[in-house]
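Below is one structure, written out as structure tokens; the observations come after it.
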Amino acid sequence: MGHEETVYEALDSAHGGEGQWAFGTGFDEPLAGVDTTVPDGIDPADLGAYCLMLGDDALVLAQRLTQWVTAAPELEEEVAVANIALDLLGQARLLLARAGSVGVLGRSRDTATASIPDEDALAYFRDADEFRCTGLVAAPNGDFGQTMVRLLAAATTRLAVFARLRDSRDPVLAAIAAKGVAELTYHRDHAARWVLRLGDGTPESHRRAQAGADAVWPLLADAFTATDVEQRLVGAGVAADPAGTREEVVGVLTQVLDRATLRVPAWPADAPPRGRLGLHGAELAVLLAELQGLAREHPAATW
Amino acid sequence: MSDVTAEGGHGAVPTGPQVPVEDQPAVSRRDWPLYEVFVRGKRGLNHVHVGSLHAPDDEMAVHAARDLYTRRNEGVSIWVVRAADITASSPDEKDPMFAPSGDKVYRHPTFYEIPENVPHM
């Protein structure tokens, strides 16, 4: 190890010293080496359904953020948004793999061939009605201000849930949550920085950020309402009760908007779950067509 | 050629009058100041210049540096400094600045044997 060692050389040696530390396809199994046994007293079907909810939120928000790539306002911001999307994609991959490991695959195996891993089958071969993401992440991006307000709301709610899931009785879910908390803290921080700067920036940036908040807030109507699956899993010590995150989420969002000199929009009345039950607007089908088109055209393709 | 100017970490982006450049968009990214980025790879090493970026302010510059220069786990610490705040030696002064040390070999610690187990020397 000479004094001329660079950070890149160090990174290369950490990856086997073959001059490669960026990878295409051919990843390891996401849950390789992990004990995926479901603890006693937990319904595997419920656990899988819950992992789909959390995984689909991450997958769909990652796809929304990816839509900014080549179109972001600045190159630096484009990389930042892509990094956040990749973090979320990683969370989605683990959560969908967990769902697959307990046999929750929906109708994806009707079309996905056996060589396609569970998480890819779930991501690419389910139709919109089988997705369990919320309307908050499925909604279109709007402008950059609205995108950042939505990211702030989504990261704040998800972080509140993940922080609680670190104590989940499912050890796999607890480990995924522990890893995700650091990522989501960064996502929330990044979005909050932009909301502060746009809200307290120029008259035009303030106007757009306020319009973004007004568009995003109604999407929080079912953010604090548990589905039957979640309620059963809360009882089993597996899931986080969304109702229990309300105080934290409202507190954080109010604080950021106040400091950004934005008016906090009226909080929507609690509504029964929609997205979590597979009820989505047409915008999700459009998003999925883009997300899934290549995988369905060329199943099991590698590059 | 002395009034050719450039920006970017290594003067990579020519911006001077003799260089044909495309029309800038109405809101130029040059509204954002240029920052130079220094990353420390691991404890015990120095911060090393890794590149530059544009950011609206100091905090966002650190933030962007994290995403641009440490996304593959390269660093444990980041410094950013506005490029405009760096005072550099001038190429015209190269000889008076550096030539006098060229023949003073006794300033180099090459007459010592370095023990095998001393790293980073």
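Residues are referred to by chain and number: the chain letter is A, B, ... according to the order shown in the structure tokens, the number counts from 1 in that chain, and ligands are numbered separately from 1 in the order shown.
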
For chain B, list the residues within 7 Å of chain A, counting only C-alpha atoms, and write the list as a compact mmCIF listing (two decimals) with N, CA and C atoms, in the first residue's frame.
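What ended up in iface_35.txt:
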```txt
# COMPACT_ATOMS: atom_id res chain seq x y z
N GLY B 41 -10.24 10.27 2.02
CA GLY B 41 -10.63 8.89 1.74
C GLY B 41 -10.82 8.06 2.98
N ALA B 64 -24.10 18.47 -2.54
CA ALA B 64 -23.90 18.00 -3.92
C ALA B 64 -22.60 17.22 -4.02
N ASP B 67 -23.05 13.68 -3.19
CA ASP B 67 -23.68 12.89 -4.23
C ASP B 67 -22.76 12.69 -5.44
N LEU B 68 -21.94 13.68 -5.73
CA LEU B 68 -21.12 13.60 -6.94
C LEU B 68 -19.82 12.86 -6.72
N GLU B 74 -16.27 6.61 -1.32
CA GLU B 74 -14.88 7.05 -1.40
C GLU B 74 -14.42 7.83 -0.18
N HIS B 120 2.46 4.92 4.58
CA HIS B 120 2.16 6.28 4.13
C HIS B 120 3.41 7.16 4.16
N MET B 121 4.54 6.67 3.67
CA MET B 121 5.73 7.51 3.57
C MET B 121 6.16 7.60 2.10
```

Open item on the list: Neighbouring residues of B:His47 were defined as those with any atom within 10 Å, considering only C-alpha atoms; residues of the same chain fewer than 4 positions away were excluded. Please report them as a list in words.
Closed with: Val37, Phe38, Val39, Arg40, Gly41, Lys42, Arg43, Gly75, Val76, Ser77, Ile78 and Trp79 of chain B

Open item on the list: Give me, as a PyMOL selection string, the residues of stretch 42-103 of chain B that a backbone DSSP run labels strand (DSSP E or B).
Closed with: chain B and resi 47-54+77-82

Could you write out the selected residues, including C-alpha atoms, as a PDB file, in the first residue's frame?
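To be explicit, this is the file written out as result-v5.pdb:
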```
ATOM      1  CA  HIS B  47      -8.178  15.775   2.057  1.00  0.00           C
ATOM      2  CA  VAL B  48      -7.473  15.503  -1.659  1.00  0.00           C
ATOM      3  CA  HIS B  49      -8.849  17.666  -4.443  1.00  0.00           C
ATOM      4  CA  VAL B  50     -11.267  15.554  -6.455  1.00  0.00           C
ATOM      5  CA  GLY B  51     -13.067  18.039  -8.690  1.00  0.00           C
ATOM      6  CA  SER B  52     -15.478  20.907  -8.721  1.00  0.00           C
ATOM      7  CA  LEU B  53     -19.180  21.657  -8.895  1.00  0.00           C
ATOM      8  CA  HIS B  54     -21.677  24.487  -9.028  1.00  0.00           C
ATOM      9  CA  SER B  77     -15.008  13.807   5.126  1.00  0.00           C
ATOM     10  CA  ILE B  78     -15.711  16.543   2.576  1.00  0.00           C
ATOM     11  CA  TRP B  79     -14.431  20.108   2.317  1.00  0.00           C
ATOM     12  CA  VAL B  80     -15.752  22.582  -0.218  1.00  0.00           C
ATOM     13  CA  VAL B  81     -14.370  26.029  -0.895  1.00  0.00           C
ATOM     14  CA  ARG B  82     -15.487  28.641  -3.346  1.00  0.00           C
TER      15      ARG B  82
END
```

Open item on the list: So that I can check the surroundings of stretch 265-272 of chain A, please list as a list in words every protein, DNA and RNA residue that reaches within 6 Å of it, counting only C-alpha atoms and ignoring chain neighbours fewer than 4 positions away.
Closed with: Asp214, Pro218, Ala221 and Asp222 of chain A

Quick one: which stretch 15-100 of chain B residues come within 12 Å of stretch 104-115 of chain B, and what is the nearest atom pair for each with the distance in Å to one decimal, counting only C-alpha atoms, rows ordered by chain and ascending number, as CSV?
```
residue,atom,partner,partner_atom,distance
B:Phe98,CA,B:Lys104,CA,11.4
B:Ala99,CA,B:Lys104,CA,10.0
B:Pro100,CA,B:Lys104,CA,7.9
```

Selected residues, C-alpha atoms, written as a compact mmCIF listing (two decimals), in the first residue's frame, please.
```
# COMPACT_ATOMS: atom_id res chain seq x y z
CA PHE B 98 9.94 26.74 -7.48
CA ALA B 99 13.27 26.64 -9.34
CA PRO B 100 15.42 27.57 -6.29
```

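The protein and nucleic acid residues lying at most 7 Å from A:Ala99 are Gly48, Ala49, Cys51, Leu52, Leu95, Leu96, Ala97, Ser101, Val102, Gly103 and Val104 of chain A, with only C-alpha atoms considered and sequence neighbours fewer than 2 positions away removed.
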
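Coordinates place atom CA of A:Gly278 at a distance of 20.1 Å from atom CA of A:Val161.
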